[in-house]
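Printed here is data_10.txt (compact mmCIF, C-alpha atoms and all ligand atoms):
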# COMPACT_ATOMS: atom_id res chain seq x y z
CA MET O 1 38.19 -24.70 23.23
CA PRO O 2 37.55 -22.98 19.89
CA ASP O 3 34.72 -20.44 19.57
CA ARG O 4 31.44 -21.98 18.54
CA PRO O 5 31.19 -21.78 14.76
CA VAL O 6 28.52 -19.64 13.18
CA ARG O 7 25.74 -21.57 11.46
CA LEU O 8 24.88 -19.55 8.39
CA ILE O 9 21.70 -20.64 6.63
CA ALA O 10 20.14 -19.20 3.46
CA MET O 11 16.39 -19.75 3.21
CA MET O 12 16.00 -19.94 -0.50
CA ASN O 13 13.36 -20.63 -3.13
CA GLN O 14 12.91 -18.48 -6.22
CA LYS O 15 9.21 -19.28 -6.17
CA GLY O 16 7.13 -16.67 -4.35
CA GLY O 17 4.85 -17.25 -1.38
CA VAL O 18 6.15 -20.70 -0.40
CA GLY O 19 6.96 -19.95 3.25
CA LYS O 20 10.55 -18.59 3.19
CA THR O 21 9.89 -15.61 5.42
CA THR O 22 7.56 -17.48 7.79
CA THR O 23 10.19 -20.19 8.17
CA THR O 24 13.12 -17.76 8.57
CA VAL O 25 11.40 -15.77 11.31
CA ASN O 26 9.85 -18.62 13.28
CA LEU O 27 12.79 -20.99 13.00
CA ALA O 28 15.08 -18.15 14.14
CA ALA O 29 12.71 -17.56 17.07
CA SER O 30 12.83 -21.28 17.83
CA PHE O 31 16.66 -21.25 17.92
CA ALA O 32 16.54 -18.18 20.17
CA ARG O 33 14.15 -19.97 22.52
CA GLY O 34 16.65 -22.84 22.54
CA GLY O 35 19.16 -20.39 24.05
CA ARG O 36 21.07 -19.54 20.88
CA SER O 37 21.92 -16.03 19.87
CA THR O 38 20.30 -15.64 16.46
CA LEU O 39 20.30 -12.97 13.74
CA VAL O 40 17.82 -12.73 10.88
CA ILE O 41 19.05 -10.86 7.81
CA ASP O 42 16.24 -9.61 5.60
CA LEU O 43 17.44 -9.71 1.99
CA ASP O 44 14.04 -9.08 0.43
CA PRO O 45 13.04 -5.54 -0.68
CA GLN O 46 9.48 -6.48 0.39
CA ALA O 47 10.88 -6.30 3.97
CA HIS O 48 8.40 -8.90 5.23
CA ALA O 49 10.81 -10.51 7.70
CA SER O 50 11.55 -7.09 9.21
CA LEU O 51 7.87 -6.36 9.60
CA HIS O 52 7.22 -9.81 11.03
CA LEU O 53 9.85 -9.11 13.69
CA GLY O 54 8.27 -5.77 14.57
CA VAL O 55 10.54 -3.41 12.60
CA ASP O 56 8.71 -0.81 10.55
CA ALA O 57 10.80 -0.41 7.39
CA ASP O 58 9.54 3.16 6.88
CA ALA O 59 10.71 4.25 10.30
CA ILE O 60 14.35 3.15 10.14
CA GLU O 61 17.40 4.96 8.80
CA ARG O 62 19.84 2.12 8.29
CA SER O 63 19.28 -1.25 6.72
CA VAL O 64 20.91 -4.10 4.87
CA TYR O 65 21.06 -1.79 1.84
CA ASP O 66 23.76 0.31 3.57
CA VAL O 67 25.63 -2.86 4.46
CA LEU O 68 25.76 -4.01 0.82
CA ILE O 69 26.51 -0.62 -0.74
CA ASP O 70 29.19 0.57 1.69
CA PRO O 71 31.85 -1.97 2.75
CA ALA O 72 33.01 0.42 5.50
CA PHE O 73 29.52 0.63 7.03
CA ASP O 74 29.21 -0.46 10.67
CA VAL O 75 26.87 -3.46 10.36
CA ALA O 76 26.03 -3.61 14.06
CA SER O 77 24.59 -0.06 13.89
CA ALA O 78 21.77 -1.28 11.62
CA ILE O 79 20.81 -4.33 13.73
CA HIS O 80 17.61 -4.21 15.82
CA LYS O 81 17.21 -6.26 18.96
CA VAL O 82 13.95 -8.24 19.05
CA ASN O 83 14.62 -9.91 22.41
CA ASP O 84 17.64 -11.07 24.40
CA ARG O 85 18.65 -13.68 21.87
CA LEU O 86 16.97 -12.62 18.65
CA ALA O 87 17.94 -9.70 16.38
CA VAL O 88 17.22 -8.55 12.85
CA LEU O 89 19.17 -6.68 10.20
CA PRO O 90 16.17 -5.17 8.39
CA ALA O 91 15.48 -4.34 4.76
CA GLN O 92 13.72 -1.44 3.07
CA THR O 93 12.29 -1.15 -0.42
CA ASP O 94 15.46 0.67 -1.58
CA LEU O 95 17.19 -2.72 -1.37
CA ALA O 96 15.83 -3.42 -4.87
CA ALA O 97 18.17 -0.70 -6.20
CA ALA O 98 21.25 -2.42 -4.75
CA GLU O 99 21.25 -4.98 -7.57
CA THR O 100 21.79 -2.29 -10.25
CA GLU O 101 24.00 -0.07 -8.10
CA LEU O 102 26.38 -2.95 -7.49
CA ALA O 103 26.31 -4.23 -11.08
CA GLN O 104 29.85 -2.99 -11.89
CA VAL O 105 31.42 -3.65 -8.51
CA PRO O 106 33.99 -6.48 -8.65
CA ASP O 107 33.28 -7.95 -5.18
CA ARG O 108 29.49 -7.51 -5.47
CA GLN O 109 28.78 -11.17 -4.75
CA ARG O 110 30.74 -11.13 -1.50
CA ARG O 111 29.55 -7.96 0.18
CA LEU O 112 27.26 -9.78 2.60
CA GLU O 113 29.84 -12.43 3.43
CA LYS O 114 32.32 -9.73 4.43
CA ALA O 115 29.72 -7.87 6.48
CA ILE O 116 28.79 -11.02 8.41
CA ALA O 117 32.46 -11.77 9.04
CA SER O 118 32.80 -8.30 10.60
CA LEU O 119 30.29 -9.36 13.30
CA ASN O 120 33.02 -11.67 14.65
CA GLY O 121 30.81 -14.57 15.62
CA LYS O 122 28.48 -12.48 17.80
CA TYR O 123 25.57 -14.64 16.66
CA GLU O 124 25.64 -18.41 16.65
CA PHE O 125 22.89 -18.62 14.04
CA VAL O 126 22.45 -16.28 11.09
CA LEU O 127 19.36 -16.91 8.93
CA LEU O 128 19.13 -15.17 5.57
CA ASP O 129 15.64 -14.53 4.18
CA CYS O 130 16.06 -14.50 0.39
CA PRO O 131 13.76 -12.74 -2.08
CA PRO O 132 11.78 -14.82 -4.60
CA SER O 133 14.37 -14.45 -7.37
CA LEU O 134 17.82 -15.68 -8.29
CA GLY O 135 19.41 -12.23 -8.59
CA LEU O 136 22.38 -10.62 -6.86
CA LEU O 137 20.72 -10.51 -3.42
CA THR O 138 20.21 -14.27 -3.45
CA ILE O 139 23.74 -14.78 -4.81
CA ASN O 140 25.10 -12.73 -1.89
CA ALA O 141 23.17 -15.00 0.47
CA LEU O 142 24.58 -18.13 -1.19
CA ALA O 143 28.12 -16.74 -1.16
CA ALA O 144 27.85 -16.00 2.57
CA ALA O 145 26.02 -19.13 3.71
CA ARG O 146 27.27 -22.59 4.61
CA GLU O 147 23.85 -24.15 4.25
CA VAL O 148 20.73 -23.81 2.17
CA ILE O 149 17.30 -24.70 3.50
CA ILE O 150 14.53 -24.79 0.91
CA PRO O 151 11.05 -23.92 2.16
CA MET O 152 8.50 -25.29 -0.29
CA GLN O 153 4.97 -26.51 -0.71
CA ALA O 154 4.63 -30.08 -1.83
CA HIS O 155 3.12 -29.51 -5.28
CA PHE O 156 4.26 -31.10 -8.50
CA LEU O 157 5.29 -27.77 -10.05
CA ALA O 158 7.22 -26.80 -6.95
CA LEU O 159 9.25 -29.96 -7.41
CA GLN O 160 10.29 -28.83 -10.88
CA GLY O 161 11.41 -25.46 -9.44
CA VAL O 162 13.69 -27.28 -7.02
CA GLY O 163 15.74 -28.59 -9.96
CA LYS O 164 16.46 -25.04 -11.12
CA LEU O 165 17.21 -23.94 -7.60
CA LEU O 166 19.74 -26.73 -7.12
CA GLU O 167 21.46 -25.80 -10.39
CA THR O 168 21.89 -22.26 -9.06
CA VAL O 169 23.32 -23.59 -5.81
CA LYS O 170 25.76 -25.71 -7.83
CA LEU O 171 26.84 -22.74 -9.95
CA VAL O 172 27.45 -20.53 -6.93
CA SER O 173 29.14 -23.30 -5.06
CA GLY O 174 31.48 -23.90 -8.01
CA ALA O 175 32.22 -20.21 -8.55
CA VAL O 176 32.34 -18.57 -5.13
CA ASN O 177 31.50 -20.91 -2.27
CA PRO O 178 32.65 -24.54 -2.54
CA ARG O 179 31.62 -25.25 1.08
CA LEU O 180 27.94 -24.54 0.40
CA ARG O 181 25.63 -27.48 1.19
CA VAL O 182 21.90 -28.02 0.90
CA THR O 183 20.64 -29.21 4.27
CA GLY O 184 17.13 -29.96 3.10
CA VAL O 185 13.59 -29.00 2.40
CA VAL O 186 11.04 -27.67 4.90
CA LEU O 187 7.51 -28.58 3.83
CA CYS O 188 5.37 -25.49 4.43
CA MET O 189 1.58 -25.11 4.56
CA HIS O 190 1.60 -28.88 4.60
CA ASP O 191 -1.53 -30.96 4.15
CA THR O 192 -0.93 -34.64 4.90
CA SER O 193 -4.49 -35.61 3.96
CA SER O 194 -3.90 -34.98 0.25
CA THR O 195 -2.75 -37.91 -1.88
CA HIS O 196 -1.01 -35.54 -4.28
CA THR O 197 1.02 -34.03 -1.43
CA ARG O 198 2.06 -37.47 -0.20
CA GLU O 199 3.17 -38.48 -3.69
CA VAL O 200 5.25 -35.35 -4.12
CA VAL O 201 6.99 -35.96 -0.77
CA ILE O 202 7.77 -39.55 -1.79
CA ASP O 203 9.25 -38.28 -5.09
CA LEU O 204 11.31 -35.71 -3.24
CA GLU O 205 12.69 -38.29 -0.82
CA LYS O 206 13.53 -40.60 -3.73
CA PHE O 207 15.34 -37.78 -5.49
CA PHE O 208 17.47 -37.03 -2.41
CA GLU O 209 18.13 -40.74 -1.84
CA GLU O 210 19.49 -41.08 -5.37
CA ALA O 211 21.58 -37.94 -4.96
CA ARG O 212 23.58 -39.65 -2.18
CA ARG O 213 25.47 -41.70 -4.80
CA GLN O 214 27.51 -38.83 -6.20
CA GLU O 215 29.15 -35.64 -5.07
CA SER O 216 26.97 -32.53 -5.20
CA PRO O 217 26.04 -29.74 -2.75
CA TRP O 218 22.77 -31.62 -2.04
CA ARG O 219 24.30 -35.04 -1.54
CA PHE O 220 23.16 -35.18 2.08
CA ALA O 221 19.97 -33.16 1.71
CA ARG O 222 16.70 -34.51 3.07
CA VAL O 223 13.13 -33.65 3.84
CA LEU O 224 13.32 -32.03 7.27
CA ARG O 225 10.79 -33.02 9.94
CA PRO O 226 8.33 -32.19 11.16
CA ALA O 227 6.56 -30.62 8.18
CA ILE O 228 4.88 -27.30 8.98
CA ARG O 229 1.12 -27.71 8.87
CA ARG O 230 -1.12 -25.09 7.37
CA ASN O 231 -2.12 -22.94 10.32
CA ILE O 232 -3.95 -19.62 10.08
CA LYS O 233 -2.15 -18.27 13.17
CA LEU O 234 1.10 -18.33 11.18
CA ALA O 235 -0.53 -16.08 8.57
CA GLU O 236 -1.90 -13.73 11.21
CA CYS O 237 1.16 -13.09 13.35
CA PRO O 238 3.22 -10.97 10.87
CA SER O 239 0.69 -8.14 11.00
CA PHE O 240 1.20 -7.99 14.78
CA GLY O 241 4.98 -7.87 14.38
CA GLN O 242 5.26 -11.04 16.45
CA THR O 243 6.67 -14.52 16.00
CA ILE O 244 4.27 -17.43 16.42
CA PHE O 245 5.74 -18.12 19.89
CA ASP O 246 4.64 -14.70 21.13
CA TYR O 247 1.42 -14.45 19.15
CA ALA O 248 -0.05 -17.94 19.60
CA PRO O 249 2.27 -20.19 21.64
CA ASP O 250 -0.31 -23.00 21.76
CA ALA O 251 -1.01 -23.04 18.02
CA PRO O 252 0.10 -25.94 15.78
CA GLY O 253 2.46 -23.49 14.01
CA ALA O 254 4.39 -22.93 17.25
CA ALA O 255 4.53 -26.69 17.90
CA ASP O 256 5.85 -27.38 14.38
CA TYR O 257 8.49 -24.64 14.24
CA GLY O 258 9.43 -25.41 17.84
CA ALA O 259 9.99 -29.09 17.06
CA LEU O 260 11.85 -28.36 13.81
CA GLY O 261 14.18 -25.93 15.60
CA GLU O 262 14.78 -28.38 18.43
CA SER O 263 15.61 -31.23 16.07
CA LEU O 264 18.08 -29.09 14.10
CA LEU O 265 19.73 -27.84 17.31
CA LYS O 266 20.08 -31.38 18.63
CA GLU O 267 21.64 -32.59 15.42
CA TRP O 268 23.94 -29.54 15.29
CA ASP O 269 25.18 -30.08 18.84
CA ALA O 270 25.78 -33.79 18.21
CA LEU O 271 27.86 -32.95 15.15
CA LEU O 272 29.87 -30.32 16.97
CA ALA O 273 30.61 -32.71 19.79
CA LYS O 274 31.73 -35.38 17.34
CA ARG O 275 33.94 -33.08 15.31
CA GLY O 276 35.45 -31.14 18.18
CA GLY O 277 34.00 -27.87 16.96
CA GLU O 278 34.83 -28.31 13.32
CA VAL O 279 31.92 -27.84 10.89
CA VAL O 280 29.67 -28.87 8.98
CA VAL O 281 28.62 -31.22 6.28
CA LEU O 282 25.56 -32.89 7.70
CA PRO O 283 26.15 -36.61 7.22
CA GLY O 284 23.67 -38.81 5.44
CA ALA O 285 23.58 -41.01 8.53
CA GLN O 286 21.46 -38.30 10.14
CA ALA O 287 18.96 -38.47 7.31
CA GLY O 288 16.59 -40.78 9.10
CA ALA O 289 15.52 -38.08 11.54
CA PRO O 290 12.19 -38.61 13.24
CA LYS O 291 9.28 -38.41 10.84
CA GLY O 292 6.69 -35.77 11.55
N1 LIG O 301 2.10 -22.94 7.57
C1 LIG O 301 1.37 -21.90 7.15
N2 LIG O 301 0.02 -21.87 7.34
C2 LIG O 301 -0.72 -20.84 6.91
N3 LIG O 301 -0.23 -19.77 6.26
C3 LIG O 301 1.09 -19.74 6.02
C4 LIG O 301 1.97 -20.78 6.45
N4 LIG O 301 3.22 -20.48 6.06
C5 LIG O 301 3.15 -19.29 5.43
N5 LIG O 301 1.88 -18.83 5.39
C6 LIG O 301 1.38 -17.61 4.75
O1 LIG O 301 1.57 -17.75 3.35
C7 LIG O 301 2.00 -16.53 2.77
C8 LIG O 301 3.38 -16.73 2.11
O2 LIG O 301 4.32 -17.06 3.12
P1 LIG O 301 5.74 -16.35 3.19
O3 LIG O 301 5.59 -14.87 3.14
O4 LIG O 301 6.48 -16.93 4.34
O5 LIG O 301 6.35 -16.87 1.83
P2 LIG O 301 7.67 -16.35 1.08
O6 LIG O 301 8.21 -17.52 0.36
O7 LIG O 301 8.55 -15.65 2.01
O8 LIG O 301 7.03 -15.29 0.07
P3 LIG O 301 7.87 -14.30 -0.89
O9 LIG O 301 8.38 -15.14 -1.99
O10 LIG O 301 6.86 -13.26 -1.31
O11 LIG O 301 8.96 -13.72 -0.06
C9 LIG O 301 2.03 -15.51 3.91
O12 LIG O 301 0.82 -14.81 3.92
C10 LIG O 301 2.18 -16.38 5.15
O13 LIG O 301 1.64 -15.76 6.29
MG MG O 302 9.42 -13.76 1.86
Would you encode the structure as C-alpha cells?
Ligand SMILES: Nc1ncnc2c1ncn2[C@@H]1O[C@H](COP(=O)(O)OP(=O)(O)OP(=O)(O)O)[C@@H](O)[C@H]1O
Ligand SMILES: [Mg+2]
Amino acid sequence: MPDRPVRLIAMMNQKGGVGKTTTTVNLAASFARGGRSTLVIDLDPQAHASLHLGVDADAIERSVYDVLIDPAFDVASAIHKVNDRLAVLPAQTDLAAAETELAQVPDRQRRLEKAIASLNGKYEFVLLDCPPSLGLLTINALAAAREVIIPMQAHFLALQGVGKLLETVKLVSGAVNPRLRVTGVVLCMHDTSSTHTREVVIDLEKFFEEARRQESPWRFARVLRPAIRRNIKLAECPSFGQTIFDYAPDAPGAADYGALGESLLKEWDALLAKRGGEVVVLPGAQAGAPKG
C-alpha cells in the first residue's frame, strides 16, 4: 500500500479581499475535522492566515521567510501546531523582502516546493494562502502545488480577473509545473438573491463547460459547491485567532465550509480508491457535484 499522496492546493486570486485567507483557514480546519492532517502555509506578508490561526507574527522567530531564503533551513522548526490535526507555517511582514532577495537566485521559483518535499508527506493536505499579487511568492505556490482553487466573489469584474489568473497558471504550468490543475472556484461572500450574482455564476459555469473541449490546466475546473454565504461570523473570527468551527460552530459560515470540505474529501477518497493511490486530475465526470 503506497503512502497517501499529499494534496497540495494553492488558494489563488490576484484580486485583494476576495476570501482567499478565509477559505484557506476554514477549509483547512474542515479537512482537519474530517480527520486529515493539514498544514496551512501563509505566503502573504500581511500574515492574515497566521493571525487567523492564533499565531502572532510579531512574537515568532521563524517563519516561511526563513524557509524560502535558506534551503538548508529546518522547515518543521517553524511550524506551529493549532490542534492535533491542524498546523500553520506562519508569515511575517519581512516576507515581502524575499521577492527582491531571491531575485538573482536560479532556483527561486522552486524553494517552496523543495521545502514541502522535505516534510516527507507528514501532512495529507497542504493549503497555500497566496498574497493578492502574481509575484514570486505566488509563483512559488504554483510551482509547489498540484491544484489551484480560486476564491472569488461573483461580480462581473472578478470574472475578467479570472482570465488573467488562468493565463498565469498556464504560464507556470508550461514553464515549471506541467501537473498543475485548476480544481475550481469557491464563491465567497455569496449572495444568491442578487440577479447579477446569478448571471455571473451562469457565465462562469458556461466558461468552464466550454473549456472541457480542449487541453488546458482548467479543463476540468468547475464552480465548487456549496457557495460560501456572506456571514459576519466569518469576518469576526480572525480577530479571536479562531477558525469558524471554534468561534461559531452553529453559524452558516461553519455549515458552508464544513460542507465544502466534506464534499472535497469525499471526492478525493473516491478518486484515490479508483486509482489505487495514484493522483490526481479531477475528472470532468465529477463536475456535477451537488449544487449548494
Ligand atoms: N463569507 C464571508 N462573509 C463575510 N465576510 C467575509 C466572508 N469571507 C471573507 N470575509 C471577510 O472579507 C474580508 C476579506 O477576506 P479575506 O481576508 O479572506 O480575503 P483575501 O482574498 O485573503 O484578502 P487579501 O487579498 O488581502 O489577502 C475579511 O475581512 C474577511 O473576514
Ligand atoms: Mg489573504
Legend entry - Protein and nucleic residues near ligand MG 302 (chain O), 12 Å, all atoms listed in the file, as a PyMOL selection string: chain O and resi 11-25+41-52+91+128-133+151-152+238
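If you look at atom CA of O:Ala143 and atom CA of O:His80, they are 23.6 Å away from each other.
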Legend entry - O:Arg111 environment, 7 Å, only C-alpha atoms, sequence neighbours closer than 4 positions dropped, as a list in words: Leu68, Pro71, Asp107, Ala115 and Asn140 of chain O
Selection above as a file: C-alpha atoms, as a compact mmCIF listing (two decimals), in the frame of the given file:
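Writing the result to selection.txt gives the following:
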# COMPACT_ATOMS: atom_id res chain seq x y z
CA LEU O 68 25.76 -4.01 0.82
CA PRO O 71 31.85 -1.97 2.75
CA ASP O 107 33.28 -7.95 -5.18
CA ALA O 115 29.72 -7.87 6.48
CA ASN O 140 25.10 -12.73 -1.89
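For the atom pair formed by atom CA of O:Asp66 and atom CA of O:Arg146, the distance is 23.2 Å, given to one decimal.
For the residues O:Tyr65, O:Phe240, O:Phe73, O:Trp268, ranking by smallest atom-to-atom distance to ligand LIG 301 (chain O) using only C-alpha atoms and all ligand atoms places O:Phe240 first.
The gap separating atom CA of O:Glu147 from atom CA of O:Leu204 is 18.6 Å, in Å to one decimal.
If only C-alpha atoms are the atoms counted, then among O:Val172, O:Ala87, O:Leu180, O:Ile150 the closest residue to O:Gly54 is O:Ala87.
With distances restricted to all atoms listed in the file, O:Cys237 is the closest residue to ligand LIG 301 (chain O) from O:Leu260, O:Cys237, O:Ala248, O:Val82.
Closest to O:Val223 among O:Val40, O:Leu27, O:Ala255, O:Val186 is O:Val186, based on all atoms listed in the file.
Of the residues listed (O:Asn83, O:Ser263, O:Ser239, O:Thr93), O:Ser239 shows the shortest atom-to-atom separation from ligand LIG 301 (chain O); distances use all atoms listed in the file.
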Inset, instruction - Can you work out which one of O:Ser118, O:Ser173, O:Asn231, O:Gln109 has the shortest atom-to-atom distance to ligand LIG 301 (chain O), counting only C-alpha atoms and all ligand atoms? - result: O:Asn231
Using the file's own x, y and z axes, so that the box edges lie along x, y and z, what centre and edge lengths in Å (one decimal) does a box around every listed atom of ligand LIG 301 (chain O) get when 5 Å is added on each side? Give it as JSON.
{"center_x": 4.1, "center_y": -18.1, "center_z": 2.8, "size_x": 19.7, "size_y": 19.7, "size_z": 19.6}
Pull C-alpha atoms for stretch 14-93 of chain O from the block and write them as a compact mmCIF listing (two decimals), in the first residue's frame.
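Result file is out-v8.txt:
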# COMPACT_ATOMS: atom_id res chain seq x y z
CA GLN O 14 -4.52 38.31 -7.52
CA LYS O 15 -7.51 40.41 -6.58
CA GLY O 16 -7.47 41.54 -2.94
CA GLY O 17 -10.14 40.86 -0.33
CA VAL O 18 -12.00 38.10 -2.19
CA GLY O 19 -11.87 35.44 0.53
CA LYS O 20 -8.55 33.62 -0.06
CA THR O 21 -7.42 33.66 3.55
CA THR O 22 -10.87 32.95 4.99
CA THR O 23 -11.19 29.98 2.63
CA THR O 24 -7.65 28.67 3.27
CA VAL O 25 -8.05 28.72 7.05
CA ASN O 26 -11.60 27.40 7.32
CA LEU O 27 -11.30 24.79 4.59
CA ALA O 28 -8.08 23.57 6.23
CA ALA O 29 -9.95 23.41 9.55
CA SER O 30 -12.72 21.47 7.81
CA PHE O 31 -10.22 18.91 6.45
CA ALA O 32 -8.68 18.62 9.92
CA ARG O 33 -12.12 17.99 11.41
CA GLY O 34 -12.55 15.28 8.77
CA GLY O 35 -9.55 13.53 10.35
CA ARG O 36 -6.88 14.67 7.90
CA SER O 37 -3.57 16.06 8.96
CA THR O 38 -3.47 19.52 7.40
CA LEU O 39 -0.87 22.28 7.08
CA VAL O 40 -1.59 25.90 6.14
CA ILE O 41 1.34 27.79 4.63
CA ASP O 42 0.96 31.56 4.88
CA LEU O 43 2.59 33.11 1.82
CA ASP O 44 1.23 36.61 2.37
CA PRO O 45 3.38 39.28 4.08
CA GLN O 46 0.12 40.57 5.62
CA ALA O 47 0.24 37.36 7.72
CA HIS O 48 -3.55 37.21 8.00
CA ALA O 49 -3.76 33.41 7.87
CA SER O 50 -1.22 33.17 10.70
CA LEU O 51 -3.20 35.60 12.81
CA HIS O 52 -6.45 33.83 11.99
CA LEU O 53 -4.92 30.60 13.30
CA GLY O 54 -3.79 32.27 16.52
CA VAL O 55 -0.13 32.94 15.68
CA ASP O 56 1.06 36.44 16.48
CA ALA O 57 3.51 37.30 13.70
CA ASP O 58 5.37 39.76 15.95
CA ALA O 59 6.04 37.13 18.58
CA ILE O 60 7.67 34.45 16.43
CA GLU O 61 11.29 33.99 15.41
CA ARG O 62 10.99 31.69 12.44
CA SER O 63 8.63 31.86 9.52
CA VAL O 64 8.12 30.97 5.89
CA TYR O 65 10.65 33.72 5.07
CA ASP O 66 13.46 31.57 6.54
CA VAL O 67 12.19 28.59 4.56
CA LEU O 68 12.39 30.49 1.25
CA ILE O 69 15.70 32.26 1.90
CA ASP O 70 17.68 29.33 3.32
CA PRO O 71 17.32 25.96 1.54
CA ALA O 72 19.08 24.25 4.47
CA PHE O 73 16.56 25.61 7.00
CA ASP O 74 14.65 23.02 9.04
CA VAL O 75 11.06 23.67 7.90
CA ALA O 76 9.46 21.73 10.74
CA SER O 77 11.10 24.07 13.29
CA ALA O 78 8.97 26.98 12.02
CA ILE O 79 5.63 25.11 12.06
CA HIS O 80 3.10 25.88 14.81
CA LYS O 81 0.56 23.32 15.95
CA VAL O 82 -3.00 24.68 16.06
CA ASN O 83 -4.61 21.42 17.18
CA ASP O 84 -3.98 17.70 16.76
CA ARG O 85 -4.54 17.75 13.02
CA LEU O 86 -4.04 21.37 12.01
CA ALA O 87 -0.76 23.29 11.79
CA VAL O 88 0.50 26.51 10.25
CA LEU O 89 3.78 27.66 8.77
CA PRO O 90 3.37 31.37 9.53
CA ALA O 91 4.44 34.53 7.72
CA GLN O 92 5.79 37.85 8.93
CA THR O 93 5.96 41.20 7.17
